[in-house]
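Engineer: Dropping in run.tsv, which is TSV, N, CA and C atoms:
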```tsv
chain	number	residue	atom	x	y	z
K	116	GLN	N	101.24	46.07	119.02
K	116	GLN	CA	102.04	45.59	117.90
K	116	GLN	C	101.44	44.27	117.39
K	117	VAL	N	101.16	44.22	116.11
K	117	VAL	CA	100.58	43.02	115.52
K	117	VAL	C	101.68	42.02	115.21
K	118	GLN	N	101.45	40.79	115.61
K	118	GLN	CA	102.39	39.71	115.29
K	118	GLN	C	101.63	38.54	114.70
K	119	LEU	N	102.20	37.97	113.66
K	119	LEU	CA	101.69	36.76	113.04
K	119	LEU	C	102.82	35.75	113.03
K	120	VAL	N	102.59	34.60	113.65
K	120	VAL	CA	103.64	33.60	113.78
K	120	VAL	C	103.16	32.31	113.14
K	121	GLU	N	103.85	31.91	112.05
K	121	GLU	CA	103.50	30.68	111.34
K	121	GLU	C	104.28	29.49	111.88
K	122	SER	N	103.71	28.32	111.70
K	122	SER	CA	104.39	27.07	112.02
K	122	SER	C	103.83	25.98	111.13
K	123	GLY	N	104.56	24.86	111.09
K	123	GLY	CA	104.07	23.70	110.38
K	123	GLY	C	104.77	23.39	109.08
K	124	GLY	N	105.60	24.29	108.59
K	124	GLY	CA	106.31	24.01	107.36
K	124	GLY	C	107.27	22.83	107.52
K	125	ASP	N	107.46	22.09	106.44
K	125	ASP	CA	108.29	20.88	106.55
K	125	ASP	C	108.62	20.38	105.15
K	126	LEU	N	109.40	19.31	105.12
K	126	LEU	CA	109.69	18.59	103.89
K	126	LEU	C	108.74	17.40	103.83
K	127	VAL	N	108.04	17.25	102.71
K	127	VAL	CA	107.07	16.18	102.58
K	127	VAL	C	107.13	15.63	101.16
K	128	GLN	N	106.77	14.37	101.01
K	128	GLN	CA	106.76	13.76	99.68
K	128	GLN	C	105.50	14.17	98.92
K	129	ALA	N	105.63	14.17	97.62
K	129	ALA	CA	104.47	14.46	96.78
K	129	ALA	C	103.33	13.50	97.12
K	130	GLY	N	102.12	14.05	97.17
K	130	GLY	CA	100.96	13.27	97.55
K	130	GLY	C	100.65	13.32	99.03
K	131	GLY	N	101.58	13.85	99.79
K	131	GLY	CA	101.40	13.93	101.23
K	131	GLY	C	100.61	15.15	101.67
K	132	SER	N	100.54	15.33	102.99
K	132	SER	CA	99.76	16.41	103.57
K	132	SER	C	100.59	17.17	104.61
K	133	LEU	N	100.24	18.43	104.77
K	133	LEU	CA	100.80	19.27	105.82
K	133	LEU	C	99.72	20.20	106.32
K	134	ARG	N	99.87	20.62	107.55
K	134	ARG	CA	98.95	21.60	108.10
K	134	ARG	C	99.77	22.77	108.64
K	135	LEU	N	99.54	23.93	108.09
K	135	LEU	CA	100.19	25.15	108.55
K	135	LEU	C	99.26	25.86	109.54
K	136	SER	N	99.88	26.52	110.51
K	136	SER	CA	99.10	27.27	111.47
K	136	SER	C	99.72	28.64	111.67
K	137	CYS	N	98.87	29.61	111.94
K	137	CYS	CA	99.32	30.98	112.17
K	137	CYS	C	98.58	31.50	113.40
K	138	VAL	N	99.35	31.99	114.36
K	138	VAL	CA	98.77	32.59	115.55
K	138	VAL	C	98.94	34.10	115.46
K	139	ALA	N	97.85	34.81	115.68
K	139	ALA	CA	97.87	36.27	115.58
K	139	ALA	C	97.73	36.89	116.97
K	140	SER	N	98.41	38.02	117.15
K	140	SER	CA	98.26	38.79	118.38
K	140	SER	C	98.31	40.27	118.03
K	141	GLY	N	97.72	41.08	118.90
K	141	GLY	CA	97.74	42.52	118.70
K	141	GLY	C	96.74	43.03	117.69
K	142	ILE	N	95.78	42.19	117.32
K	142	ILE	CA	94.78	42.56	116.33
K	142	ILE	C	93.43	42.01	116.78
K	143	ILE	N	92.36	42.71	116.41
K	143	ILE	CA	91.02	42.18	116.71
K	143	ILE	C	90.77	41.07	115.70
K	144	PHE	N	91.12	39.87	116.09
K	144	PHE	CA	91.19	38.76	115.14
K	144	PHE	C	89.84	38.47	114.49
K	145	SER	N	88.79	38.50	115.29
K	145	SER	CA	87.47	38.13	114.77
K	145	SER	C	87.01	39.06	113.65
K	146	ARG	N	87.58	40.24	113.55
K	146	ARG	CA	87.18	41.18	112.51
K	146	ARG	C	88.19	41.26	111.37
K	147	ALA	N	89.22	40.45	111.44
K	147	ALA	CA	90.26	40.50	110.41
K	147	ALA	C	89.99	39.50	109.30
K	148	THR	N	90.33	39.88	108.10
K	148	THR	CA	90.39	38.94	106.99
K	148	THR	C	91.78	38.32	106.99
K	149	MET	N	91.82	37.01	107.01
K	149	MET	CA	93.08	36.30	107.09
K	149	MET	C	93.35	35.58	105.77
K	150	ALA	N	94.62	35.42	105.48
K	150	ALA	CA	94.96	34.77	104.21
K	150	ALA	C	96.32	34.09	104.33
K	151	TRP	N	96.53	33.17	103.43
K	151	TRP	CA	97.83	32.55	103.23
K	151	TRP	C	98.31	32.90	101.82
K	152	TYR	N	99.56	33.26	101.74
K	152	TYR	CA	100.24	33.52	100.48
K	152	TYR	C	101.45	32.60	100.39
K	153	ARG	N	102.00	32.50	99.20
K	153	ARG	CA	103.24	31.75	99.05
K	153	ARG	C	104.13	32.42	98.02
K	154	GLN	N	105.42	32.16	98.16
K	154	GLN	CA	106.39	32.79	97.28
K	154	GLN	C	107.57	31.86	97.05
K	155	VAL	N	107.97	31.77	95.79
K	155	VAL	CA	109.20	31.06	95.44
K	155	VAL	C	110.22	32.10	95.01
K	156	PRO	N	111.50	31.79	95.15
K	156	PRO	CA	112.54	32.77	94.82
K	156	PRO	C	112.40	33.29	93.39
K	157	GLY	N	112.50	34.60	93.27
K	157	GLY	CA	112.44	35.22	91.95
K	157	GLY	C	111.06	35.46	91.41
K	158	LYS	N	110.04	35.08	92.19
K	158	LYS	CA	108.67	35.27	91.72
K	158	LYS	C	107.88	36.10	92.72
K	159	GLN	N	106.74	36.60	92.30
K	159	GLN	CA	105.92	37.41	93.18
K	159	GLN	C	105.24	36.53	94.21
K	160	ARG	N	104.80	37.18	95.27
K	160	ARG	CA	104.07	36.48	96.31
K	160	ARG	C	102.63	36.34	95.86
K	161	ASP	N	102.13	35.12	95.87
K	161	ASP	CA	100.78	34.84	95.37
K	161	ASP	C	99.85	34.43	96.49
K	162	ARG	N	98.63	34.88	96.37
K	162	ARG	CA	97.61	34.50	97.34
K	162	ARG	C	97.20	33.04	97.12
K	163	VAL	N	97.12	32.30	98.21
K	163	VAL	CA	96.71	30.90	98.16
K	163	VAL	C	95.25	30.74	98.57
K	164	ALA	N	94.92	31.34	99.70
K	164	ALA	CA	93.56	31.19	100.24
K	164	ALA	C	93.27	32.35	101.17
K	165	THR	N	91.99	32.71	101.24
K	165	THR	CA	91.53	33.79	102.09
K	165	THR	C	90.31	33.34	102.86
K	166	ILE	N	90.20	33.82	104.09
K	166	ILE	CA	88.99	33.56	104.87
K	166	ILE	C	88.59	34.87	105.54
K	167	THR	N	87.35	35.25	105.33
K	167	THR	CA	86.88	36.53	105.86
K	167	THR	C	86.43	36.40	107.31
K	168	SER	N	86.09	37.54	107.89
K	168	SER	CA	85.58	37.53	109.26
K	168	SER	C	84.24	36.81	109.33
K	169	ALA	N	83.56	36.71	108.20
K	169	ALA	CA	82.29	35.97	108.15
K	169	ALA	C	82.49	34.50	107.84
K	170	ASP	N	83.76	34.09	107.85
K	170	ASP	CA	84.11	32.68	107.63
K	170	ASP	C	83.90	32.22	106.20
K	171	SER	N	83.92	33.16	105.27
K	171	SER	CA	83.81	32.82	103.86
K	171	SER	C	85.21	32.62	103.29
K	172	ALA	N	85.41	31.49	102.63
K	172	ALA	CA	86.74	31.15	102.12
K	172	ALA	C	86.77	31.18	100.60
K	173	ASN	N	87.90	31.54	100.06
K	173	ASN	CA	88.11	31.34	98.63
K	173	ASN	C	89.56	30.99	98.38
K	174	TYR	N	89.79	30.40	97.23
K	174	TYR	CA	91.08	29.76	96.95
K	174	TYR	C	91.60	30.11	95.57
K	175	ALA	N	92.91	30.08	95.45
K	175	ALA	CA	93.51	30.15	94.13
K	175	ALA	C	93.15	28.87	93.38
K	176	GLY	N	93.02	29.00	92.08
K	176	GLY	CA	92.62	27.86	91.28
K	176	GLY	C	93.55	26.66	91.40
K	177	SER	N	94.83	26.94	91.59
K	177	SER	CA	95.82	25.87	91.63
K	177	SER	C	95.72	25.00	92.88
K	178	VAL	N	95.04	25.49	93.91
K	178	VAL	CA	94.96	24.72	95.15
K	178	VAL	C	93.52	24.32	95.50
K	179	ARG	N	92.56	24.82	94.76
K	179	ARG	CA	91.16	24.54	95.08
K	179	ARG	C	90.91	23.03	95.03
K	180	GLY	N	90.26	22.53	96.08
K	180	GLY	CA	89.98	21.11	96.17
K	180	GLY	C	91.06	20.33	96.89
K	181	ARG	N	92.23	20.95	97.08
K	181	ARG	CA	93.33	20.27	97.78
K	181	ARG	C	93.64	20.93	99.13
K	182	PHE	N	93.48	22.25	99.18
K	182	PHE	CA	93.79	23.01	100.40
K	182	PHE	C	92.50	23.50	101.05
K	183	THR	N	92.54	23.59	102.38
K	183	THR	CA	91.40	24.12	103.12
K	183	THR	C	91.90	25.12	104.16
K	184	ILE	N	91.34	26.31	104.13
K	184	ILE	CA	91.67	27.33	105.13
K	184	ILE	C	90.58	27.36	106.18
K	185	SER	N	90.98	27.53	107.44
K	185	SER	CA	90.01	27.59	108.52
K	185	SER	C	90.53	28.54	109.59
K	186	ARG	N	89.64	29.01	110.42
K	186	ARG	CA	90.03	29.92	111.49
K	186	ARG	C	89.34	29.55	112.77
K	187	ASP	N	90.00	29.90	113.87
K	187	ASP	CA	89.43	29.70	115.20
K	187	ASP	C	89.55	31.03	115.94
K	188	ASN	N	88.44	31.72	116.05
K	188	ASN	CA	88.47	33.04	116.67
K	188	ASN	C	88.68	32.98	118.18
K	189	THR	N	88.50	31.82	118.77
K	189	THR	CA	88.75	31.69	120.21
K	189	THR	C	90.25	31.56	120.50
K	190	LYS	N	90.99	31.11	119.49
K	190	LYS	CA	92.44	30.91	119.66
K	190	LYS	C	93.26	31.90	118.83
K	191	ASN	N	92.60	32.72	118.06
K	191	ASN	CA	93.29	33.66	117.16
K	191	ASN	C	94.22	32.94	116.19
K	192	THR	N	93.72	31.85	115.64
K	192	THR	CA	94.54	31.07	114.71
K	192	THR	C	93.85	30.91	113.36
K	193	VAL	N	94.66	30.82	112.34
K	193	VAL	CA	94.19	30.47	111.01
K	193	VAL	C	95.08	29.35	110.49
K	194	ASP	N	94.48	28.29	110.01
K	194	ASP	CA	95.20	27.12	109.55
K	194	ASP	C	95.03	26.93	108.05
K	195	LEU	N	95.98	26.24	107.48
K	195	LEU	CA	95.89	25.84	106.08
K	195	LEU	C	96.20	24.35	106.01
K	196	GLN	N	95.17	23.57	105.75
K	196	GLN	CA	95.35	22.13	105.56
K	196	GLN	C	95.66	21.89	104.09
K	197	MET	N	96.79	21.28	103.83
K	197	MET	CA	97.25	21.06	102.46
K	197	MET	C	97.33	19.56	102.20
K	198	ASN	N	96.54	19.10	101.28
K	198	ASN	CA	96.51	17.68	100.90
K	198	ASN	C	96.96	17.52	99.45
K	199	SER	N	97.29	16.29	99.12
K	199	SER	CA	97.71	15.97	97.74
K	199	SER	C	98.77	16.95	97.25
K	200	LEU	N	99.77	17.14	98.06
K	200	LEU	CA	100.80	18.12	97.75
K	200	LEU	C	101.58	17.73	96.51
K	201	ARG	N	101.98	18.76	95.77
K	201	ARG	CA	102.74	18.59	94.54
K	201	ARG	C	104.07	19.34	94.66
K	202	ALA	N	104.99	18.98	93.82
K	202	ALA	CA	106.29	19.64	93.83
K	202	ALA	C	106.12	21.15	93.63
K	203	GLU	N	105.17	21.54	92.80
K	203	GLU	CA	104.96	22.97	92.52
K	203	GLU	C	104.35	23.73	93.69
K	204	ASP	N	103.98	23.03	94.77
K	204	ASP	CA	103.52	23.71	95.99
K	204	ASP	C	104.70	24.16	96.85
K	205	THR	N	105.90	23.76	96.47
K	205	THR	CA	107.08	24.16	97.22
K	205	THR	C	107.23	25.68	97.21
K	206	ALA	N	107.32	26.26	98.40
K	206	ALA	CA	107.41	27.72	98.53
K	206	ALA	C	107.55	28.08	100.00
K	207	VAL	N	107.81	29.35	100.24
K	207	VAL	CA	107.67	29.89	101.58
K	207	VAL	C	106.23	30.38	101.71
K	208	TYR	N	105.55	29.93	102.73
K	208	TYR	CA	104.15	30.28	102.95
K	208	TYR	C	104.07	31.36	104.03
K	209	TYR	N	103.31	32.39	103.72
K	209	TYR	CA	103.17	33.53	104.62
K	209	TYR	C	101.73	33.70	105.08
K	210	CYS	N	101.59	33.99	106.35
K	210	CYS	CA	100.31	34.37	106.91
K	210	CYS	C	100.11	35.88	106.71
K	211	HIS	N	98.90	36.25	106.40
K	211	HIS	CA	98.58	37.66	106.14
K	211	HIS	C	97.29	38.02	106.86
K	212	ALA	N	97.28	39.21	107.41
K	212	ALA	CA	96.08	39.72	108.08
K	212	ALA	C	95.74	41.12	107.57
K	213	GLU	N	94.48	41.35	107.34
K	213	GLU	CA	94.00	42.69	107.03
K	213	GLU	C	93.03	43.09	108.11
K	214	SER	N	93.37	44.12	108.85
K	214	SER	CA	92.52	44.55	109.96
K	214	SER	C	91.16	45.01	109.46
K	215	GLY	N	90.11	44.50	110.12
K	215	GLY	CA	88.77	44.95	109.80
K	215	GLY	C	88.44	46.30	110.41
K	216	VAL	N	89.35	46.81	111.23
K	216	VAL	CA	89.13	48.10	111.90
K	216	VAL	C	89.87	49.22	111.16
K	217	THR	N	91.15	48.98	110.86
K	217	THR	CA	91.99	50.03	110.26
K	217	THR	C	92.28	49.81	108.78
K	218	GLY	N	92.11	48.58	108.30
K	218	GLY	CA	92.46	48.26	106.93
K	218	GLY	C	93.93	47.98	106.72
K	219	ARG	N	94.71	48.09	107.77
K	219	ARG	CA	96.14	47.84	107.63
K	219	ARG	C	96.40	46.36	107.40
K	220	ARG	N	97.52	46.11	106.75
K	220	ARG	CA	97.87	44.74	106.39
K	220	ARG	C	99.16	44.34	107.08
K	221	TYR	N	99.23	43.08	107.45
K	221	TYR	CA	100.37	42.57	108.20
K	221	TYR	C	100.78	41.22	107.66
K	222	TRP	N	102.09	40.94	107.81
K	222	TRP	CA	102.66	39.68	107.33
K	222	TRP	C	103.38	38.96	108.45
K	223	GLY	N	103.34	37.64	108.37
K	223	GLY	CA	104.19	36.82	109.21
K	223	GLY	C	105.56	36.68	108.59
K	224	GLN	N	106.41	35.91	109.25
K	224	GLN	CA	107.80	35.78	108.80
K	224	GLN	C	107.97	34.68	107.75
K	225	GLY	N	106.99	33.83	107.62
K	225	GLY	CA	107.02	32.77	106.60
K	225	GLY	C	107.47	31.44	107.16
K	226	THR	N	107.01	30.38	106.53
K	226	THR	CA	107.42	29.03	106.88
K	226	THR	C	107.63	28.25	105.59
K	227	GLN	N	108.72	27.49	105.54
K	227	GLN	CA	109.11	26.80	104.30
K	227	GLN	C	108.38	25.48	104.16
K	228	VAL	N	107.78	25.30	103.00
K	228	VAL	CA	107.18	24.01	102.62
K	228	VAL	C	107.93	23.50	101.41
K	229	THR	N	108.45	22.31	101.53
K	229	THR	CA	109.17	21.68	100.42
K	229	THR	C	108.53	20.34	100.12
K	230	VAL	N	108.14	20.16	98.87
K	230	VAL	CA	107.51	18.92	98.44
K	230	VAL	C	108.45	18.23	97.47
K	231	SER	N	108.87	17.05	97.84
K	231	SER	CA	109.80	16.30	96.98
K	231	SER	C	109.01	15.38	96.06
K	232	SER	N	109.47	15.31	94.82
K	232	SER	CA	108.75	14.48	93.84
K	232	SER	C	109.42	13.13	93.67
```
Could the structure of this file be written out as C-alpha cells, please?

Structural biologist:
Amino acid sequence: QVQLVESGGDLVQAGGSLRLSCVASGIIFSRATMAWYRQVPGKQRDRVATITSADSANYAGSVRGRFTISRDNTKNTVDLQMNSLRAEDTAVYYCHAESGVTGRRYWGQGTQVTVSS
C-alpha cells in the first residue's frame, strides 16, 4: 500500500519561509516522479513543482525562483522549500507520486499553508 505523508504546513507572514516534507512508503521511490500540488477551496488542484527520478525539476511560473523542490532517495522524502511567501500561496499542499513502474498516481492527505499579509 502506497502512503504519502506530508508535514510542515503552518501559518506564516508574507515574506517568510516554510519547508514542506513528504515521506513515501510502499513505492519504489527512486523510480517515481514526485510533485507538489496545491488547492484552494472552489478551485482546481494545481501543480506547483515536479522532480523526476533523474532529479530534474520544473516549476509553475507563479513559484519559479521562490520555491525549490528536492528529493532524498535514501530517506524516501521529497521537500518543498518555499521562500518569499505571498498571501496567494495560501492553500492546501498535496504530495503526489507517479510510479515509474506501474504509472499509477498517488496523493497524500494534504497540509495547510496559510500566509498572512

Engineer: Excluding Asp187 (chain K) and any residue of its chain fewer than 4 positions from it, enumerate the residues within 8 Å of it, using all atoms listed in the file, and give them as a list in words.

Structural biologist: Phe144, Ser145, Asn191, Thr192, Val193 and Asp194 of chain K

Engineer: With distances taken over only C-alpha atoms, which residue among K:Val230, K:Val207, K:Val178, K:Ala202 lies nearest Gln159 (chain K)?

Structural biologist: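 Closest to Gln159 (chain K), using only C-alpha atoms: K:Val207.
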
Engineer: I want to know what sits within 12 Å of Ala169 (chain K), based on only C-alpha atoms, with residues of the same chain fewer than 4 positions away left out; could you give that as a PDB file with N, CA and C atoms, in the frame of the given file?

Structural biologist:
```pdb
ATOM      1  N   PHE K 144      91.120  39.870 116.090  1.00  0.00           N
ATOM      2  CA  PHE K 144      91.190  38.760 115.140  1.00  0.00           C
ATOM      3  C   PHE K 144      89.840  38.470 114.490  1.00  0.00           C
ATOM      4  N   SER K 145      88.790  38.500 115.290  1.00  0.00           N
ATOM      5  CA  SER K 145      87.470  38.130 114.770  1.00  0.00           C
ATOM      6  C   SER K 145      87.010  39.060 113.650  1.00  0.00           C
ATOM      7  N   ARG K 146      87.580  40.240 113.550  1.00  0.00           N
ATOM      8  CA  ARG K 146      87.180  41.180 112.510  1.00  0.00           C
ATOM      9  C   ARG K 146      88.190  41.260 111.370  1.00  0.00           C
ATOM     10  N   ALA K 147      89.220  40.450 111.440  1.00  0.00           N
ATOM     11  CA  ALA K 147      90.260  40.500 110.410  1.00  0.00           C
ATOM     12  C   ALA K 147      89.990  39.500 109.300  1.00  0.00           C
ATOM     13  N   THR K 148      90.330  39.880 108.100  1.00  0.00           N
ATOM     14  CA  THR K 148      90.390  38.940 106.990  1.00  0.00           C
ATOM     15  C   THR K 148      91.780  38.320 106.990  1.00  0.00           C
ATOM     16  N   MET K 149      91.820  37.010 107.010  1.00  0.00           N
ATOM     17  CA  MET K 149      93.080  36.300 107.090  1.00  0.00           C
ATOM     18  C   MET K 149      93.350  35.580 105.770  1.00  0.00           C
ATOM     19  N   THR K 165      91.990  32.710 101.240  1.00  0.00           N
ATOM     20  CA  THR K 165      91.530  33.790 102.090  1.00  0.00           C
ATOM     21  C   THR K 165      90.310  33.340 102.860  1.00  0.00           C
ATOM     22  N   SER K 185      90.980  27.530 107.440  1.00  0.00           N
ATOM     23  CA  SER K 185      90.010  27.590 108.520  1.00  0.00           C
ATOM     24  C   SER K 185      90.530  28.540 109.590  1.00  0.00           C
ATOM     25  N   ARG K 186      89.640  29.010 110.420  1.00  0.00           N
ATOM     26  CA  ARG K 186      90.030  29.920 111.490  1.00  0.00           C
ATOM     27  C   ARG K 186      89.340  29.550 112.770  1.00  0.00           C
ATOM     28  N   ASP K 187      90.000  29.900 113.870  1.00  0.00           N
ATOM     29  CA  ASP K 187      89.430  29.700 115.200  1.00  0.00           C
ATOM     30  C   ASP K 187      89.550  31.030 115.940  1.00  0.00           C
ATOM     31  N   ASN K 188      88.440  31.720 116.050  1.00  0.00           N
ATOM     32  CA  ASN K 188      88.470  33.040 116.670  1.00  0.00           C
ATOM     33  C   ASN K 188      88.680  32.980 118.180  1.00  0.00           C
ATOM     34  N   GLY K 215      90.110  44.500 110.120  1.00  0.00           N
ATOM     35  CA  GLY K 215      88.770  44.950 109.800  1.00  0.00           C
ATOM     36  C   GLY K 215      88.440  46.300 110.410  1.00  0.00           C
TER      37      GLY K 215
END
```

Engineer: Between atom N of Met197 (chain K) and atom N of Arg134 (chain K), what is the distance in Å, rounded to a tenth?

Structural biologist: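 Spanning atom N of Met197 (chain K) to atom N of Arg134 (chain K) is a straight-line distance of 4.9 Å.
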
Engineer: Could you give me, as a PyMOL selection string, the residues that sit within 5 Å of (99.8, 30.1, 108.6) in the file's coordinates, counting all atoms listed in the file?

Structural biologist: chain K and resi 121+135-137+210

Engineer: Taking the DSSP secondary structure from the backbone, can you list the residues of chain K that are strand (DSSP E or B), as a ChimeraX atom specification?

Structural biologist: /K:118-122,126-128,133-140,148-154,161-166,172-174,182-187,192-197,206-213,220-222,226-231

Engineer: Pick out the residues sitting within 12 Å of Gly176 (chain K), and hand them over as a VMD selection string; count only C-alpha atoms, and ignore anything fewer than 2 positions along from it in its own chain.

Structural biologist: chain K and resid 161 to 164 173 to 174 178 to 182

Engineer: Those same residues, written as a short mmCIF file (atom, residue, chain, number, x, y, z; two decimals), keeping the file's coordinate frame with N, CA and C atoms?

Structural biologist:
```
data_model
loop_
_atom_site.label_atom_id
_atom_site.label_comp_id
_atom_site.auth_asym_id
_atom_site.auth_seq_id
_atom_site.Cartn_x
_atom_site.Cartn_y
_atom_site.Cartn_z
N ASP K 161 102.13 35.12 95.87
CA ASP K 161 100.78 34.84 95.37
C ASP K 161 99.85 34.43 96.49
N ARG K 162 98.63 34.88 96.37
CA ARG K 162 97.61 34.50 97.34
C ARG K 162 97.20 33.04 97.12
N VAL K 163 97.12 32.30 98.21
CA VAL K 163 96.71 30.90 98.16
C VAL K 163 95.25 30.74 98.57
N ALA K 164 94.92 31.34 99.70
CA ALA K 164 93.56 31.19 100.24
C ALA K 164 93.27 32.35 101.17
N ASN K 173 87.90 31.54 100.06
CA ASN K 173 88.11 31.34 98.63
C ASN K 173 89.56 30.99 98.38
N TYR K 174 89.79 30.40 97.23
CA TYR K 174 91.08 29.76 96.95
C TYR K 174 91.60 30.11 95.57
N VAL K 178 95.04 25.49 93.91
CA VAL K 178 94.96 24.72 95.15
C VAL K 178 93.52 24.32 95.50
N ARG K 179 92.56 24.82 94.76
CA ARG K 179 91.16 24.54 95.08
C ARG K 179 90.91 23.03 95.03
N GLY K 180 90.26 22.53 96.08
CA GLY K 180 89.98 21.11 96.17
C GLY K 180 91.06 20.33 96.89
N ARG K 181 92.23 20.95 97.08
CA ARG K 181 93.33 20.27 97.78
C ARG K 181 93.64 20.93 99.13
N PHE K 182 93.48 22.25 99.18
CA PHE K 182 93.79 23.01 100.40
C PHE K 182 92.50 23.50 101.05
#
```

Engineer: What is the distance, in Å and to one decimal place, between CA of Ala150 (chain K) and atom C of Thr167 (chain K)?

Structural biologist: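 These atoms are spaced 9.2 Å apart.
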